[in-house]
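File shown: final-v2.csv. Contents: CSV, C-alpha atoms.
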chain,number,residue,atom,x,y,z
A,195,MET,CA,-142.1,-10.5,37.4
A,196,THR,CA,-140.4,-8.3,35.0
A,197,THR,CA,-139.7,-5.7,37.7
A,198,ARG,CA,-138.3,-8.3,40.0
A,199,ALA,CA,-136.0,-9.6,37.3
A,200,ALA,CA,-134.8,-6.1,36.5
A,201,ALA,CA,-134.1,-5.5,40.2
A,202,ILE,CA,-132.1,-8.7,40.4
A,203,LYS,CA,-130.1,-7.8,37.3
A,204,HIS,CA,-129.5,-4.3,38.6
A,205,GLY,CA,-128.3,-5.7,41.9
A,206,TYR,CA,-125.7,-8.1,40.5
A,207,THR,CA,-124.6,-5.6,37.9
A,208,THR,CA,-124.0,-3.0,40.5
A,209,GLY,CA,-122.2,-5.4,42.7
A,210,ALA,CA,-119.9,-6.6,39.9
A,211,ARG,CA,-119.0,-3.1,39.0
A,212,SER,CA,-118.3,-2.2,42.6
A,213,LEU,CA,-116.0,-5.2,42.9
A,214,ALA,CA,-114.3,-4.4,39.7
A,215,SER,CA,-113.7,-0.7,40.7
A,216,ARG,CA,-112.0,-1.9,43.9
A,217,SER,CA,-109.9,-4.4,42.0
A,218,VAL,CA,-108.4,-1.9,39.6
A,219,THR,CA,-107.2,0.5,42.3
A,220,GLY,CA,-103.6,-0.6,41.8
A,221,LEU,CA,-103.8,-0.6,38.0
A,222,ILE,CA,-104.6,3.1,37.9
A,223,ARG,CA,-101.0,4.0,38.8
A,224,THR,CA,-99.5,1.7,36.1
A,225,ARG,CA,-99.1,2.1,32.3
A,226,ILE,CA,-101.8,-0.5,31.7
A,227,THR,CA,-104.6,1.0,29.7
A,228,PRO,CA,-108.2,-0.1,29.4
A,229,ASN,CA,-107.6,-0.9,25.7
A,230,MET,CA,-104.8,-3.3,26.8
A,231,LEU,CA,-107.1,-5.1,29.1
A,232,THR,CA,-109.7,-5.2,26.3
A,233,ALA,CA,-107.3,-6.8,23.8
A,234,THR,CA,-106.1,-9.3,26.4
A,235,GLY,CA,-109.7,-10.2,27.3
A,236,VAL,CA,-110.7,-11.0,23.7
A,237,SER,CA,-107.4,-12.9,23.2
A,238,LEU,CA,-108.4,-15.1,26.2
A,239,CYS,CA,-111.8,-15.7,24.8
A,240,VAL,CA,-110.3,-16.8,21.5
A,241,LEU,CA,-107.8,-19.0,23.4
A,242,ALA,CA,-110.8,-20.5,25.2
A,243,ALA,CA,-112.5,-21.3,21.9
A,244,VAL,CA,-109.3,-23.1,20.7
A,245,ILE,CA,-109.1,-25.1,24.0
A,246,VAL,CA,-112.7,-26.3,23.4
A,247,LEU,CA,-111.6,-28.0,20.2
A,248,PHE,CA,-109.5,-30.5,22.2
A,249,GLU,CA,-112.5,-31.7,24.2
A,250,ASN,CA,-112.4,-35.1,22.5
A,251,GLN,CA,-109.1,-35.9,24.3
A,252,ASN,CA,-110.3,-35.2,27.8
A,253,GLU,CA,-113.8,-33.6,28.2
A,254,ILE,CA,-113.5,-32.5,31.9
A,255,LEU,CA,-110.0,-31.1,31.5
A,256,PHE,CA,-110.5,-29.1,28.3
A,257,TYR,CA,-114.1,-28.0,28.9
A,258,TRP,CA,-113.3,-26.8,32.4
A,259,LEU,CA,-110.1,-25.1,31.3
A,260,ALA,CA,-112.0,-23.3,28.5
A,261,ALA,CA,-114.6,-22.2,31.0
A,262,VAL,CA,-112.0,-20.7,33.4
A,263,VAL,CA,-110.2,-18.9,30.5
A,264,PHE,CA,-113.5,-17.7,28.9
A,265,VAL,CA,-115.0,-16.2,32.1
A,266,SER,CA,-112.0,-13.8,32.5
A,267,LEU,CA,-112.7,-10.8,34.7
A,268,LEU,CA,-110.9,-8.6,32.2
A,269,ASP,CA,-114.3,-8.3,30.5
A,270,ILE,CA,-115.4,-6.0,33.3
A,271,LEU,CA,-112.0,-4.7,34.5
A,272,ASP,CA,-111.3,-2.7,31.3
A,273,GLY,CA,-114.5,-0.6,31.8
A,274,ALA,CA,-113.8,-0.2,35.5
A,275,LEU,CA,-110.2,1.0,34.9
A,276,ALA,CA,-111.4,3.5,32.3
A,277,ARG,CA,-114.0,4.9,34.7
A,278,ALA,CA,-111.7,4.9,37.8
A,279,GLY,CA,-108.7,6.4,35.9
A,280,GLY,CA,-110.7,8.9,33.9
A,281,LYS,CA,-109.6,7.2,30.7
A,282,THR,CA,-113.0,6.7,29.1
A,283,THR,CA,-113.0,7.4,25.4
A,284,PRO,CA,-115.5,6.9,22.6
A,285,PHE,CA,-113.0,4.6,20.8
A,286,GLY,CA,-112.4,2.6,24.0
A,287,ALA,CA,-116.2,2.0,24.3
A,288,PHE,CA,-116.4,1.1,20.7
A,289,LEU,CA,-113.5,-1.3,20.9
A,290,ASP,CA,-114.8,-3.0,24.1
A,291,SER,CA,-118.2,-3.6,22.5
A,292,THR,CA,-116.7,-4.9,19.3
A,293,THR,CA,-114.3,-7.3,20.9
A,294,ASP,CA,-117.1,-8.6,23.1
A,295,ARG,CA,-118.8,-9.8,20.0
A,296,VAL,CA,-115.6,-11.3,18.6
A,297,GLY,CA,-114.9,-13.3,21.7
A,298,GLU,CA,-118.4,-14.6,22.0
A,299,ALA,CA,-118.6,-15.5,18.3
A,300,ALA,CA,-115.3,-17.3,18.5
A,301,MET,CA,-116.5,-19.5,21.4
A,302,LEU,CA,-119.9,-20.2,19.8
A,303,THR,CA,-118.2,-21.1,16.5
A,304,ALA,CA,-115.9,-23.6,18.3
A,305,LEU,CA,-118.9,-25.1,20.1
A,306,ALA,CA,-120.8,-25.5,16.8
A,307,TYR,CA,-117.8,-27.3,15.4
A,308,VAL,CA,-117.7,-29.6,18.4
A,309,LEU,CA,-121.4,-30.4,18.1
A,310,ALA,CA,-121.0,-31.1,14.4
A,311,ARG,CA,-118.1,-33.5,15.2
A,312,HIS,CA,-120.4,-35.4,17.5
A,313,HIS,CA,-123.2,-35.3,14.8
A,314,HIS,CA,-125.6,-33.1,16.8
A,315,LEU,CA,-126.7,-31.2,13.7
A,316,VAL,CA,-129.9,-29.8,15.2
A,317,PHE,CA,-127.9,-28.2,18.0
A,318,VAL,CA,-125.4,-26.8,15.4
A,319,ALA,CA,-128.3,-24.9,13.9
A,320,VAL,CA,-129.4,-23.8,17.4
A,321,THR,CA,-125.9,-22.5,18.0
A,322,VAL,CA,-126.0,-20.5,14.7
A,323,LEU,CA,-129.3,-19.0,16.0
A,324,ALA,CA,-127.6,-18.1,19.2
A,325,VAL,CA,-124.8,-16.3,17.4
A,326,ALA,CA,-127.3,-14.4,15.3
A,327,GLY,CA,-129.4,-13.5,18.3
A,328,SER,CA,-126.5,-12.3,20.4
A,329,ILE,CA,-125.4,-10.0,17.6
A,330,LEU,CA,-128.9,-8.6,17.2
A,331,VAL,CA,-129.1,-8.1,21.0
A,332,SER,CA,-126.1,-5.7,20.7
A,333,TYR,CA,-127.3,-4.2,17.5
A,334,THR,CA,-130.8,-3.3,18.8
A,335,ARG,CA,-129.2,-1.5,21.8
A,336,ALA,CA,-126.7,0.4,19.6
A,337,LYS,CA,-129.4,1.4,17.1
A,338,ALA,CA,-131.8,2.5,19.9
A,339,GLU,CA,-129.1,4.6,21.5
A,340,ALA,CA,-128.2,6.1,18.1
A,341,LEU,CA,-131.8,7.3,18.0
A,342,GLY,CA,-131.5,8.8,21.5
A,343,LEU,CA,-133.5,6.1,23.1
A,344,ARG,CA,-132.8,3.4,25.7
A,345,GLY,CA,-132.2,-0.1,24.5
A,346,ASP,CA,-130.6,-1.9,27.4
A,347,VAL,CA,-133.7,-3.9,28.6
A,348,GLY,CA,-134.1,-7.7,28.3
A,349,ILE,CA,-133.1,-10.9,30.0
A,350,GLY,CA,-130.2,-11.9,27.8
A,351,SER,CA,-127.6,-9.2,27.8
A,352,ARG,CA,-123.8,-9.8,27.6
A,353,ALA,CA,-123.4,-10.8,31.3
A,354,GLU,CA,-126.2,-13.3,31.2
A,355,ARG,CA,-124.9,-14.9,28.0
A,356,VAL,CA,-121.4,-15.3,29.5
A,357,ILE,CA,-122.9,-17.0,32.5
A,358,VAL,CA,-124.9,-19.4,30.4
A,359,ILE,CA,-122.0,-20.3,28.1
A,360,THR,CA,-119.7,-20.8,31.1
A,361,ALA,CA,-122.2,-23.0,32.8
A,362,GLY,CA,-122.7,-25.0,29.6
A,363,LEU,CA,-118.9,-25.6,29.4
A,364,VAL,CA,-118.6,-26.7,33.0
A,365,LEU,CA,-121.5,-29.1,32.7
A,366,ALA,CA,-120.7,-30.2,29.1
A,367,PRO,CA,-119.2,-33.6,30.1
A,368,TRP,CA,-122.7,-34.5,31.4
A,369,GLY,CA,-124.5,-33.6,28.2
A,370,VAL,CA,-125.8,-30.2,29.3
A,371,LEU,CA,-124.0,-28.0,26.7
A,372,PRO,CA,-126.6,-28.4,23.9
A,373,TRP,CA,-129.4,-27.4,26.2
A,374,ALA,CA,-127.3,-24.4,27.5
A,375,LEU,CA,-127.0,-23.3,23.9
A,376,THR,CA,-130.7,-23.7,23.4
A,377,LEU,CA,-131.3,-21.5,26.4
A,378,LEU,CA,-128.8,-19.0,25.1
A,379,ALA,CA,-130.6,-18.8,21.7
A,380,CYS,CA,-134.0,-18.5,23.3
A,381,THR,CA,-133.0,-15.8,25.7
A,382,ALA,CA,-131.2,-13.9,23.0
A,383,TRP,CA,-134.1,-13.8,20.7
A,384,VAL,CA,-136.6,-12.9,23.5
A,385,THR,CA,-134.3,-10.0,24.4
A,386,VAL,CA,-134.3,-8.8,20.8
A,387,ALA,CA,-138.1,-8.8,20.9
A,388,GLN,CA,-138.1,-7.0,24.2
A,389,ARG,CA,-135.8,-4.3,22.9
A,390,VAL,CA,-137.8,-3.8,19.7
A,391,LEU,CA,-141.0,-3.5,21.7
A,392,TYR,CA,-139.4,-1.1,24.2
A,393,VAL,CA,-138.1,1.1,21.5
A,394,ARG,CA,-141.5,1.1,19.9
A,395,LYS,CA,-143.0,2.1,23.2
A,396,GLN,CA,-140.6,5.0,23.7
A,397,LEU,CA,-141.3,6.3,20.2
A,398,MET,CA,-145.1,6.1,20.7
A,399,GLU,CA,-144.8,7.9,24.0
A,400,ALA,CA,-142.7,10.7,22.4
A,401,GLN,CA,-145.4,11.2,19.8
A,402,GLN,CA,-148.2,11.8,22.4

Starting from the file, give its structure as structure tokens.
Amino acid sequence: MTTRAAAIKHGYTTGARSLASRSVTGLIRTRITPNMLTATGVSLCVLAAVIVLFENQNEILFYWLAAVVFVSLLDILDGALARAGGKTTPFGAFLDSTTDRVGEAAMLTALAYVLARHHHLVFVAVTVLAVAGSILVSYTRAKAEALGLRGDVGIGSRAERVIVITAGLVLAPWGVLPWALTLLACTAWVTVAQRVLYVRKQLMEAQQ
């Protein structure tokens, strides 16, 4: 089961990167840099978080608009442009990873506020757990790689979290959002556990 899930994840990740590489062909010859795309991408995520706050005026309009803005392809185009144009830098990778966390945290904070406004206090706590879990997912990978190990396993990486949040926004007018956030929190913490166990496995194998 784990092998099949890994194969599916590898398939859509490879496909998305291939599509992104073809999409940035024209950008290579411009003055647009990967860092510009990164900054624009995180700005759109923050804008999407602000849009969510107006959901009490028209749920379908503002939730759907927030979903469209949040799922911006700039999240993958910056890396594709860096690779295709030979512009990869350590700072660019650091900035991309950091802004991903900022955009995601902004959206989840906005959703927690909306849930509090509707008196769904249990799901506010769930959203806080989702924020903590998503941060730890990234931290465990970074720490593993700092030790010279792999830490990219798990079912709840950045791409999957973006999909779950976007789906929750689209279906929010029908009451699905709290359950999407519950799924997000669960998969994030399962991924943290998977990465901790995987790092432990690698260290044990290295000692044999």

Q: Please provide as a ChimeraX atom specification all residues within 8 Å of Thr385 (chain A), with the sequence filter that same-chain residues fewer than 3 positions apart are discarded (counting all atoms listed in the file).
A: /A:331,347-351,381-382,388-389

Q: Just give me the residues with any atom within 10 Å of (-128.1, -24.7, 21.9), file coordinates, counting all atoms listed in the file, written as a PyMOL selection string.
A: chain A and resi 302+305-306+309+316-324+359+362+370-380

The selected residues should be written to file as a PDB file, in the frame of the given file (atoms: C-alpha atoms).
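Written out: part-v6.pdb:
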ATOM      1  CA  LEU A 302    -119.900 -20.200  19.800  1.00  0.00           C
ATOM      2  CA  LEU A 305    -118.900 -25.100  20.100  1.00  0.00           C
ATOM      3  CA  ALA A 306    -120.800 -25.500  16.800  1.00  0.00           C
ATOM      4  CA  LEU A 309    -121.400 -30.400  18.100  1.00  0.00           C
ATOM      5  CA  VAL A 316    -129.900 -29.800  15.200  1.00  0.00           C
ATOM      6  CA  PHE A 317    -127.900 -28.200  18.000  1.00  0.00           C
ATOM      7  CA  VAL A 318    -125.400 -26.800  15.400  1.00  0.00           C
ATOM      8  CA  ALA A 319    -128.300 -24.900  13.900  1.00  0.00           C
ATOM      9  CA  VAL A 320    -129.400 -23.800  17.400  1.00  0.00           C
ATOM     10  CA  THR A 321    -125.900 -22.500  18.000  1.00  0.00           C
ATOM     11  CA  VAL A 322    -126.000 -20.500  14.700  1.00  0.00           C
ATOM     12  CA  LEU A 323    -129.300 -19.000  16.000  1.00  0.00           C
ATOM     13  CA  ALA A 324    -127.600 -18.100  19.200  1.00  0.00           C
ATOM     14  CA  ILE A 359    -122.000 -20.300  28.100  1.00  0.00           C
ATOM     15  CA  GLY A 362    -122.700 -25.000  29.600  1.00  0.00           C
ATOM     16  CA  VAL A 370    -125.800 -30.200  29.300  1.00  0.00           C
ATOM     17  CA  LEU A 371    -124.000 -28.000  26.700  1.00  0.00           C
ATOM     18  CA  PRO A 372    -126.600 -28.400  23.900  1.00  0.00           C
ATOM     19  CA  TRP A 373    -129.400 -27.400  26.200  1.00  0.00           C
ATOM     20  CA  ALA A 374    -127.300 -24.400  27.500  1.00  0.00           C
ATOM     21  CA  LEU A 375    -127.000 -23.300  23.900  1.00  0.00           C
ATOM     22  CA  THR A 376    -130.700 -23.700  23.400  1.00  0.00           C
ATOM     23  CA  LEU A 377    -131.300 -21.500  26.400  1.00  0.00           C
ATOM     24  CA  LEU A 378    -128.800 -19.000  25.100  1.00  0.00           C
ATOM     25  CA  ALA A 379    -130.600 -18.800  21.700  1.00  0.00           C
ATOM     26  CA  CYS A 380    -134.000 -18.500  23.300  1.00  0.00           C
TER      27      CYS A 380
END

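With all atoms listed in the file as the atoms that count, the minimum distance from Val265 (chain A) to the choices A:Val356, A:Met398, A:Ala300, A:Met230 is reached by A:Val356.
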
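For the pair CA of Leu330 (chain A) and CA of Thr232 (chain A), the interatomic distance is 21.5 Å.
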
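Take CA of Leu289 (chain A) and CA of Val393 (chain A): the distance between them is 24.7 Å.
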
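When CA of Ile329 (chain A) is paired with CA of Val384 (chain A), their separation reads 13.0 Å.
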
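Among A:Leu315, A:Leu343, A:Ala326, A:Ala336, the residue with the shortest atom-to-atom distance to Ala400 (chain A), counting all atoms listed in the file, is A:Leu343.
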
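When all atoms listed in the file are used to compute distances to Phe288 (chain A), the closest of the residues A:Ser332, A:Glu249, A:Leu255, A:Gly327 turns out to be A:Ser332.
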
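Among the candidates A:Ala310, A:Leu363, A:Ala299, A:Ala233, the one nearest to Ile245 (chain A) when counting all atoms listed in the file is A:Leu363.
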
Q.
Give me the residues near Met301 (chain A) as an MDAnalysis selection string, where near means some atom within 8 Å (using only C-alpha atoms) and where sequence neighbours in that chain fewer than 6 positions away do not count.
A. chainID A and resid 239:240 242:243
